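Everything on this sheet refers to the single structure shown next.
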Amino acid sequence: MKRRPTITDVAAAAGVSVATVSKAVNGRYGVASETADRVLAVVAELGYESSLIASSMRSRTTGVIGVLVADFEPFSAEILKGVGQALRDSRYDLLAYSGSHGSAEGWERRSLSRLSGTLIDGAIMVTPTVVNVGAEVPVVAIDPHTGPADLPTVESDSYGGALQATRHLLDLGHTRIGFIAGRPDLRSSIARDAGYRRSLTDAGISVDPALVGSGSYRQDAVRVAALEMLRRGDRPTAIFAANDISAMEIVKVAAELGLAVPRDLSVIGFDDIPEASKSAPALSTVRQPMQTLGAEAARLLLTLMDGEVPAATHVTLPTRLIPRGTTAPPS
């Protein structure tokens, strides 16, 4: 089988450096037009046309939109479904990419640097760790970081959803309500914390610091926080978790401690991932329209890529309470 040409082969045949080939391929400054033409001619001569990169060399576009996620978990999977649906009738393909390497801060910058220009024409970042990415292509953020929102963003009404979740527990008669928070660097996590606190304040209940734990959307951290909270003599009778994965971990911890849900402990989550309705008992939660988040982000990105001005660059979608089998009045 004939070996597939590489960028080194192109550089050698064109009599230029690999760096020059890279600049010519990506349309960057610093390469004379005749040199760029020679590089592209060599690409065609070597039969490099079959690759996605070769196509982008000629047209300066790839026909691909990248979705960058820290991990392929239920939330990002639903986002990807929504993006795919929105792109179905477009001329763009979808590339799902995870380059977080343990969710290290700033992984998005590295990923965009690798993909921009040669693999993707635009990107959607899901729950990014930073917002200042300096991308060469249009970018939209879903569930953005807490920094200045210079990037176009799409998110759910986390504050309103947290109000609904906590008020649901209050309406059932709970007064000792715990909260296990999510990632502190996400705007949505901060809003859910604020909604929880506001609901208690409105009900005339002081927030007990002992009933607020940090889960950071990591099951190990959620487990530690839940164990500490539920082993207290004055343990909560209900817990609101910042996402469904955390809520389901709390249900597991409660069972290990001999507590029945919802008889001894009510639990409510946030997201309404597909697993929430299938758990036993089915998880009460706040539904955010995850697939719609993906679809709205894709439509916003397509508008930006077409050089048009979108009607809004910061979109917030409503959330809805979904009471199920894990919440009940305190025994």
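Letters for chains follow the order of the structure tokens (A, B, ...), residue numbers begin at 1 for each chain, and ligand numbers begin at 1 in the order shown.
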Original post:
So which residues of stretch 62-254 of chain A fall under alpha helix (DSSP H) by DSSP, listed as a ChimeraX atom specification?
Top reply: /A:74-87,107-115,158-171,187-202,219-230,244-254
Subject >> All residues 9 Å or closer to A:Val31, only C-alpha atoms, same chain fewer than 5 positions away omitted, as a PyMOL selection string >> reply: chain A and resi 20-21+23-24+36
Hey, can you spit out that residue selection with C-alpha atoms as a PDB file, in the first residue's frame?
```pdb
ATOM      1  CA  THR A  20       6.088  27.489   6.010  1.00  0.00           C
ATOM      2  CA  VAL A  21       3.810  24.669   4.844  1.00  0.00           C
ATOM      3  CA  LYS A  23       1.431  28.797   7.514  1.00  0.00           C
ATOM      4  CA  ALA A  24       0.462  28.342   3.879  1.00  0.00           C
ATOM      5  CA  ALA A  36       1.722  29.432  -0.904  1.00  0.00           C
TER       6      ALA A  36
END
```
**OP:** Show which residues sit within 10 Å of A:Ile205, as a ChimeraX atom specification. Count only C-alpha atoms, and ignore same-chain residues fewer than 5 positions away.
**Re:** /A:175-177,197-200
Can I get the residues of stretch 210-322 of chain A within 6 Å of stretch 81-100 of chain A, each with the closest pair of atoms and their distance in Å to one decimal, using only C-alpha atoms, sorted chain first then ascending number, as CSV?
```
residue,atom,partner,partner_atom,distance
A:Gln291,CA,A:Gly82,CA,4.0
A:Thr292,CA,A:Gly82,CA,5.8
A:Gly294,CA,A:Gly82,CA,4.5
A:Ala295,CA,A:Gly82,CA,4.6
A:Ala298,CA,A:Val83,CA,5.6
```
Could you write out that same residue set with all heavy atoms as a PDB file, in the first residue's frame?
```
ATOM      1  N   GLN A 291     -30.451  18.965  24.918  1.00  0.00           N
ATOM      2  CA  GLN A 291     -30.347  18.872  23.466  1.00  0.00           C
ATOM      3  C   GLN A 291     -30.637  20.218  22.801  1.00  0.00           C
ATOM      4  O   GLN A 291     -30.000  20.576  21.803  1.00  0.00           O
ATOM      5  CB  GLN A 291     -31.282  17.789  22.930  1.00  0.00           C
ATOM      6  CG  GLN A 291     -30.870  16.384  23.341  1.00  0.00           C
ATOM      7  CD  GLN A 291     -31.658  15.303  22.630  1.00  0.00           C
ATOM      8  OE1 GLN A 291     -32.192  15.500  21.543  1.00  0.00           O
ATOM      9  NE2 GLN A 291     -31.752  14.130  23.253  1.00  0.00           N
ATOM     10  N   THR A 292     -31.565  20.976  23.388  1.00  0.00           N
ATOM     11  CA  THR A 292     -31.848  22.311  22.857  1.00  0.00           C
ATOM     12  C   THR A 292     -30.668  23.243  23.053  1.00  0.00           C
ATOM     13  O   THR A 292     -30.384  24.103  22.211  1.00  0.00           O
ATOM     14  CB  THR A 292     -33.110  22.896  23.517  1.00  0.00           C
ATOM     15  OG1 THR A 292     -34.193  21.979  23.353  1.00  0.00           O
ATOM     16  CG2 THR A 292     -33.493  24.233  22.888  1.00  0.00           C
ATOM     17  N   GLY A 294     -27.557  22.353  22.879  1.00  0.00           N
ATOM     18  CA  GLY A 294     -26.653  22.021  21.780  1.00  0.00           C
ATOM     19  C   GLY A 294     -27.130  22.582  20.456  1.00  0.00           C
ATOM     20  O   GLY A 294     -26.339  23.127  19.671  1.00  0.00           O
ATOM     21  N   ALA A 295     -28.433  22.453  20.203  1.00  0.00           N
ATOM     22  CA  ALA A 295     -28.985  22.944  18.936  1.00  0.00           C
ATOM     23  C   ALA A 295     -28.880  24.466  18.831  1.00  0.00           C
ATOM     24  O   ALA A 295     -28.522  25.007  17.780  1.00  0.00           O
ATOM     25  CB  ALA A 295     -30.441  22.503  18.803  1.00  0.00           C
ATOM     26  N   ALA A 298     -25.325  25.452  18.134  1.00  0.00           N
ATOM     27  CA  ALA A 298     -24.970  25.188  16.735  1.00  0.00           C
ATOM     28  C   ALA A 298     -25.545  26.252  15.815  1.00  0.00           C
ATOM     29  O   ALA A 298     -24.857  26.739  14.905  1.00  0.00           O
ATOM     30  CB  ALA A 298     -25.471  23.801  16.331  1.00  0.00           C
TER      31      ALA A 298
END
```
Original post:
Neighbours of A:Arg192 within 8 Å (only C-alpha atoms; same-chain residues fewer than 2 positions away dropped), as a list of chain:residue names?
Top reply: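 Those residues are A:Ser158, A:Tyr159, A:Gly161, A:Ala162, A:Leu163, A:Ala181, A:Ser188, A:Ser189, A:Ile190, A:Ala194, A:Gly195, A:Tyr196, A:Ala242.
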Put those residues in a file: C-alpha atoms, as a PDB file, in the first residue's frame.
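result-v1.pdb, written as the output of this step:
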```
ATOM      1  CA  SER A 158     -29.742  27.627  36.691  1.00  0.00           C
ATOM      2  CA  TYR A 159     -30.801  30.189  39.275  1.00  0.00           C
ATOM      3  CA  GLY A 161     -34.080  25.973  38.443  1.00  0.00           C
ATOM      4  CA  ALA A 162     -32.424  25.969  41.865  1.00  0.00           C
ATOM      5  CA  LEU A 163     -35.279  28.068  43.228  1.00  0.00           C
ATOM      6  CA  ALA A 181     -22.497  22.140  44.883  1.00  0.00           C
ATOM      7  CA  SER A 188     -24.274  27.762  36.405  1.00  0.00           C
ATOM      8  CA  SER A 189     -22.894  26.245  39.617  1.00  0.00           C
ATOM      9  CA  ILE A 190     -22.710  29.633  41.292  1.00  0.00           C
ATOM     10  CA  ALA A 194     -27.463  31.283  44.930  1.00  0.00           C
ATOM     11  CA  GLY A 195     -30.916  29.897  44.117  1.00  0.00           C
ATOM     12  CA  TYR A 196     -30.690  27.405  46.980  1.00  0.00           C
ATOM     13  CA  ALA A 242     -26.182  20.467  41.596  1.00  0.00           C
TER      14      ALA A 242
END
```
**OP:** Run DSSP on the backbone of this structure and report the residues of stretch 149-275 of chain A it assigns to strand (DSSP E), as a list in words.
**Re:** Thr153, Val154, Glu155, Ser156, Ile177, Gly178, Phe179, Ile180, Ala181, Val212, Gly213, Ser214, Ala238, Ile239, Phe240, Ala241, Ser266, Val267 and Ile268 of chain A
Subject >> Between atom CA of A:Val154 and atom CA of A:Val315 - distance in Å to one decimal >> reply: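 Value for the atom CA of A:Val315-atom CA of A:Val154 distance: 4.7 Å.
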**OP:** Tell me which protein, DNA and RNA residues are within 6 Å of stretch 253-263 of chain A, counting only C-alpha atoms, leaving out same-chain ones fewer than 6 positions away, and put them as a list in words.
**Re:** Thr326, Thr327 and Ala328 of chain A
Take the residues from that selection and write them out as a PDB file, in the first residue's frame, keeping N, CA and C atoms.
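Saved the output as out-v5.pdb:
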```
ATOM      1  N   THR A 326     -37.938  10.299  44.331  1.00  0.00           N
ATOM      2  CA  THR A 326     -36.933  10.471  45.386  1.00  0.00           C
ATOM      3  C   THR A 326     -37.244  11.625  46.330  1.00  0.00           C
ATOM      4  N   THR A 327     -38.388  12.256  46.177  1.00  0.00           N
ATOM      5  CA  THR A 327     -38.767  13.343  47.099  1.00  0.00           C
ATOM      6  C   THR A 327     -40.143  13.071  47.674  1.00  0.00           C
ATOM      7  N   ALA A 328     -40.274  13.320  48.988  1.00  0.00           N
ATOM      8  CA  ALA A 328     -41.538  13.105  49.699  1.00  0.00           C
ATOM      9  C   ALA A 328     -41.483  13.915  50.987  1.00  0.00           C
TER      10      ALA A 328
END
```
Original post:
To one decimal place, how far is atom CA of A:Pro310 from atom CA of A:Val137 in Å?
Top reply: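 So the answer is 16.2 Å.
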Original post:
Can you tell me, as a count of residues only, what residues are no more than 8 Å from A:Ser116 when counting only C-alpha atoms, ignoring any on the same chain fewer than 6 positions away?
Top reply: 4
Original post:
Hey, what's within 9 Å of A:Leu46 if we count only C-alpha atoms and toss same-chain stuff fewer than 2 positions away? As a ChimeraX atom specification, please?
Top reply: /A:5,9-10,13,41-44,48-49
Subject >> Residue nearest A:Ile322 among A:Val251, A:Ala165, A:Val139, A:Leu186 (counting only C-alpha atoms) >> reply: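 Closest residue, counting only C-alpha atoms: A:Ala165.
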Original post:
What is the distance, in Å and to one decimal place, between atom CA of A:Thr285 and atom CA of A:Asp234?
Top reply: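 Those two atoms sit 24.5 Å apart.
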